[in-house]
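File shown: work-v1.txt (compact mmCIF, C-alpha atoms).
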# COMPACT_ATOMS: atom_id res chain seq x y z
CA MET A 166 0.00 0.00 0.00
CA ASN A 167 1.22 3.51 -0.80
CA ASN A 168 1.25 5.97 2.07
CA LYS A 169 1.01 9.65 1.21
CA LEU A 170 3.74 11.68 2.90
CA ASN A 171 2.36 14.23 5.36
CA TYR A 172 3.43 17.51 6.91
CA ASP A 173 5.45 15.77 9.65
CA PHE A 174 7.68 14.13 7.01
CA PHE A 175 8.64 17.52 5.55
CA HIS A 176 8.77 19.35 8.89
CA ARG A 177 12.40 18.24 9.39
CA ASP A 178 15.74 19.57 8.20
CA ALA A 179 16.42 19.56 4.45
CA LEU A 180 19.32 17.09 4.65
CA THR A 181 17.18 14.46 6.39
CA VAL A 182 14.22 14.98 4.07
CA ALA A 183 16.39 14.97 0.92
CA ARG A 184 17.99 11.64 1.90
CA GLU A 185 14.62 10.07 2.74
CA LEU A 186 12.82 11.43 -0.35
CA ALA A 187 15.20 9.55 -2.62
CA GLY A 188 13.31 6.38 -3.49
CA LYS A 189 9.84 7.72 -2.76
CA THR A 190 7.22 8.07 -5.52
CA LEU A 191 6.01 11.34 -7.01
CA ALA A 192 2.34 10.99 -8.00
CA ARG A 193 0.39 13.30 -10.29
CA ARG A 194 -3.30 13.10 -11.17
CA LEU A 195 -3.58 14.35 -14.75
CA PRO A 196 -6.59 16.32 -16.04
CA ASP A 197 -8.09 13.14 -17.56
CA GLY A 198 -8.03 11.46 -14.13
CA THR A 199 -5.15 9.07 -14.76
CA ILE A 200 -2.39 8.99 -12.16
CA THR A 201 1.27 9.04 -13.21
CA ARG A 202 3.80 7.74 -10.69
CA ILE A 203 7.56 8.27 -10.99
CA ARG A 204 10.11 7.04 -8.48
CA ILE A 205 12.34 9.89 -7.27
CA THR A 206 15.92 8.79 -7.93
CA GLU A 207 17.81 11.93 -6.95
CA THR A 208 17.32 14.93 -4.66
CA GLU A 209 19.36 17.93 -3.51
CA ALA A 210 19.18 19.76 -0.19
CA TYR A 211 19.34 23.55 0.17
CA CYS A 212 19.87 24.67 3.75
CA GLY A 213 19.12 28.29 4.56
CA GLU A 214 20.53 31.76 4.03
CA GLU A 215 24.04 30.61 4.96
CA ASP A 216 23.98 28.07 2.06
CA LYS A 217 25.36 30.03 -0.91
CA GLY A 218 23.65 27.57 -3.28
CA CYS A 219 20.21 28.30 -1.82
CA HIS A 220 18.02 30.93 -3.48
CA ALA A 221 17.56 32.49 -0.04
CA SER A 222 21.30 33.16 0.38
CA LYS A 223 20.64 36.82 -0.42
CA GLY A 224 17.66 37.02 1.96
CA ARG A 225 13.95 37.43 1.54
CA THR A 226 12.68 38.52 -1.87
CA PRO A 227 9.34 38.05 -3.61
CA ARG A 228 10.86 35.02 -5.40
CA THR A 229 12.18 33.38 -2.22
CA GLU A 230 9.32 34.19 0.15
CA LEU A 231 7.90 30.65 -0.08
CA LEU A 232 11.19 29.20 1.16
CA TYR A 233 10.52 30.88 4.51
CA GLY A 234 7.09 29.31 4.79
CA LYS A 235 5.48 26.11 5.97
CA ALA A 236 7.03 22.72 5.32
CA GLY A 237 5.40 20.69 2.55
CA ILE A 238 4.80 23.67 0.27
CA ILE A 239 5.81 23.33 -3.37
CA TYR A 240 8.36 25.85 -4.64
CA ILE A 241 8.58 25.85 -8.44
CA TYR A 242 10.80 28.28 -10.28
CA LEU A 243 11.85 28.91 -13.86
CA CYS A 244 15.47 28.05 -14.63
CA TYR A 245 17.28 29.61 -17.61
CA GLY A 246 13.96 31.18 -18.59
CA MET A 247 12.64 27.88 -19.95
CA HIS A 248 12.65 24.97 -17.46
CA TRP A 249 10.41 24.58 -14.42
CA LEU A 250 12.18 23.01 -11.43
CA MET A 251 10.25 21.67 -8.44
CA ASN A 252 11.25 21.82 -4.79
CA VAL A 253 9.46 21.07 -1.54
CA ILE A 254 9.93 23.34 1.47
CA THR A 255 11.24 21.66 4.63
CA GLY A 256 12.04 22.53 8.23
CA GLU A 257 10.80 25.34 10.40
CA GLU A 258 8.89 28.39 9.21
CA GLY A 259 11.19 31.38 8.99
CA HIS A 260 14.27 29.27 8.12
CA PRO A 261 14.47 28.92 4.33
CA GLU A 262 15.29 25.40 3.25
CA GLY A 263 14.01 22.89 0.78
CA VAL A 264 14.67 19.90 -1.40
CA LEU A 265 14.98 19.93 -5.19
CA LEU A 266 13.46 16.90 -6.91
CA ARG A 267 16.46 16.37 -9.20
CA ALA A 268 15.61 13.18 -11.16
CA GLY A 269 13.16 10.32 -11.46
CA GLU A 270 13.12 6.88 -13.06
CA GLY A 271 13.37 7.54 -16.77
CA TYR A 272 13.90 11.29 -16.29
CA THR A 273 17.49 12.45 -15.86
CA GLY A 274 17.30 15.98 -14.63
CA PRO A 275 14.93 18.19 -12.68
CA ALA A 276 13.43 19.89 -15.75
CA LYS A 277 12.60 16.56 -17.40
CA LEU A 278 11.00 15.28 -14.19
CA THR A 279 8.87 18.39 -13.75
CA LYS A 280 7.84 18.27 -17.42
CA ALA A 281 6.94 14.56 -17.17
CA ILE A 282 4.42 15.27 -14.41
CA ARG A 283 3.19 18.43 -16.17
CA ALA A 284 3.95 20.70 -13.24
CA ASP A 285 4.51 24.40 -13.73
CA LYS A 286 4.04 27.71 -11.90
CA ARG A 287 0.38 26.86 -11.14
CA PHE A 288 1.69 24.50 -8.43
CA ASN A 289 3.93 27.13 -6.81
CA GLY A 290 2.75 27.68 -3.23
CA LEU A 291 0.48 24.63 -3.04
CA SER A 292 0.86 21.99 -0.35
CA ILE A 293 2.20 18.65 -1.56
CA CYS A 294 0.63 17.12 1.56
CA ASP A 295 -2.97 18.32 1.11
CA ASN A 296 -3.33 18.06 -2.62
CA LYS A 297 -5.39 15.86 -4.91
CA GLU A 298 -3.37 16.71 -8.03
CA ILE A 299 0.20 16.08 -6.85
CA TRP A 300 1.68 14.28 -3.87
CA ILE A 301 4.55 12.02 -2.78
CA GLU A 302 4.06 8.43 -1.61
CA ASP A 303 6.06 5.87 0.30
CA ASP A 304 5.50 2.38 -1.12
CA GLY A 305 7.75 0.77 1.49
CA LYS A 306 10.63 -0.01 -0.87
CA ARG A 307 14.05 0.91 0.49
CA PHE A 308 17.21 1.73 -1.45
CA GLU A 309 20.86 2.25 -0.73
CA ILE A 310 21.55 5.99 -0.97
CA ILE A 311 24.83 7.49 -2.14
CA THR A 312 25.81 11.15 -1.88
CA ALA A 313 27.50 13.47 -4.35
CA PRO A 314 28.14 17.20 -4.77
CA ARG A 315 25.21 19.34 -5.93
CA VAL A 316 24.94 20.22 -9.60
CA GLY A 317 24.63 23.54 -11.44
CA ILE A 318 25.56 25.88 -8.62
CA ASP A 319 29.09 26.95 -9.55
CA TYR A 320 28.09 30.50 -8.55
CA ALA A 321 27.97 29.32 -4.90
CA GLY A 322 31.75 28.82 -4.71
CA GLU A 323 33.85 25.71 -4.12
CA GLU A 324 32.82 25.09 -0.51
CA TRP A 325 29.08 25.16 -1.18
CA LYS A 326 28.98 23.48 -4.59
CA ASN A 327 31.07 20.57 -3.29
CA LYS A 328 28.92 19.77 -0.26
CA PRO A 329 27.68 16.16 -0.61
CA TRP A 330 24.07 17.27 -0.41
CA ARG A 331 22.84 15.38 -3.49
CA PHE A 332 21.21 12.06 -2.63
CA ILE A 333 20.94 9.33 -5.29
CA ILE A 334 19.39 5.88 -5.08
CA LYS A 335 21.96 3.22 -6.02
What does this structure look like when you write it as structure tokens?
Amino acid sequence: MNNKLNYDFFHRDALTVARELAGKTLARRLPDGTITRIRITETEAYCGEEDKGCHASKGRTPRTELLYGKAGIIYIYLCYGMHWLMNVITGEEGHPEGVLLRAGEGYTGPAKLTKAIRADKRFNGLSICDNKEIWIEDDGKRFEIITAPRVGIDYAGEEWKNKPWRFIIK
């Protein structure tokens, strides 16, 4: 049986949630009623204003306001002006952190994963916990998790881009 992840799952630090999200299943009810399920194979953690790779590293802005909000909220942003990338907010309100859904079975890269489930800016700010269109499930399967440096954040500097905060199912 698939158990839908709830607020308590996301109301923990980004590193814990990122590790545990790897291997879970992203579910999306499409407009025709069919449900697409994709196993999350890779995640990345972003851990607050001190994390130079995190969008909130420069503080609160209209773009980053959601990062300071309630755990379990979807944060979708446009990358390179053409690709939607999906994150889920984690931790305590007021401390900006979240987890990027980086890849899924059959979808190598966060833009391909987001496109596969047909998610875009309409989902920005919605709860992934209390949602009938998109949610994350635990089907009980467990995987060995390996870590690696985060990808695509060279601007953050050597220290921050090389943190092993990418979690990949083996």
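When only C-alpha atoms are used to compute distances to Glu298 of chain A, the closest of the residues A:Ala284, A:Arg228, A:Gly218, A:Lys326 turns out to be A:Ala284.
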Inset, instruction - Go ahead and compute the interatomic distance for atom CA of Ile293 of chain A and atom CA of Leu170 of chain A, in Å to one decimal. - result: 8.4 Å
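Nearest to Glu302 of chain A of all the residues A:Arg177, A:Ala210, A:Pro261, A:Ala187 is A:Ala187, counting all atoms listed in the file.
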Inset, instruction - Within 12 Å of segment 231-239 of chain A, counting all atoms listed in the file, which residues show up once you throw out same-chain ones fewer than 4 positions away? Write them as JSON, numbers by chain, please. - result: {"A": [169, 170, 171, 172, 173, 174, 175, 176, 177, 178, 179, 182, 211, 212, 213, 214, 219, 220, 221, 222, 224, 225, 226, 227, 250, 251, 252, 253, 254, 255, 256, 257, 258, 259, 260, 261, 262, 263, 264, 265, 266, 279, 284, 285, 286, 287, 288, 289, 290, 291, 292, 293, 294, 295, 296, 299, 300, 301]}
Inset, instruction - Take atom CA of Arg283 of chain A and atom CA of Ala192 of chain A and report the distance between them in Å, one decimal. - result: 11.1 Å
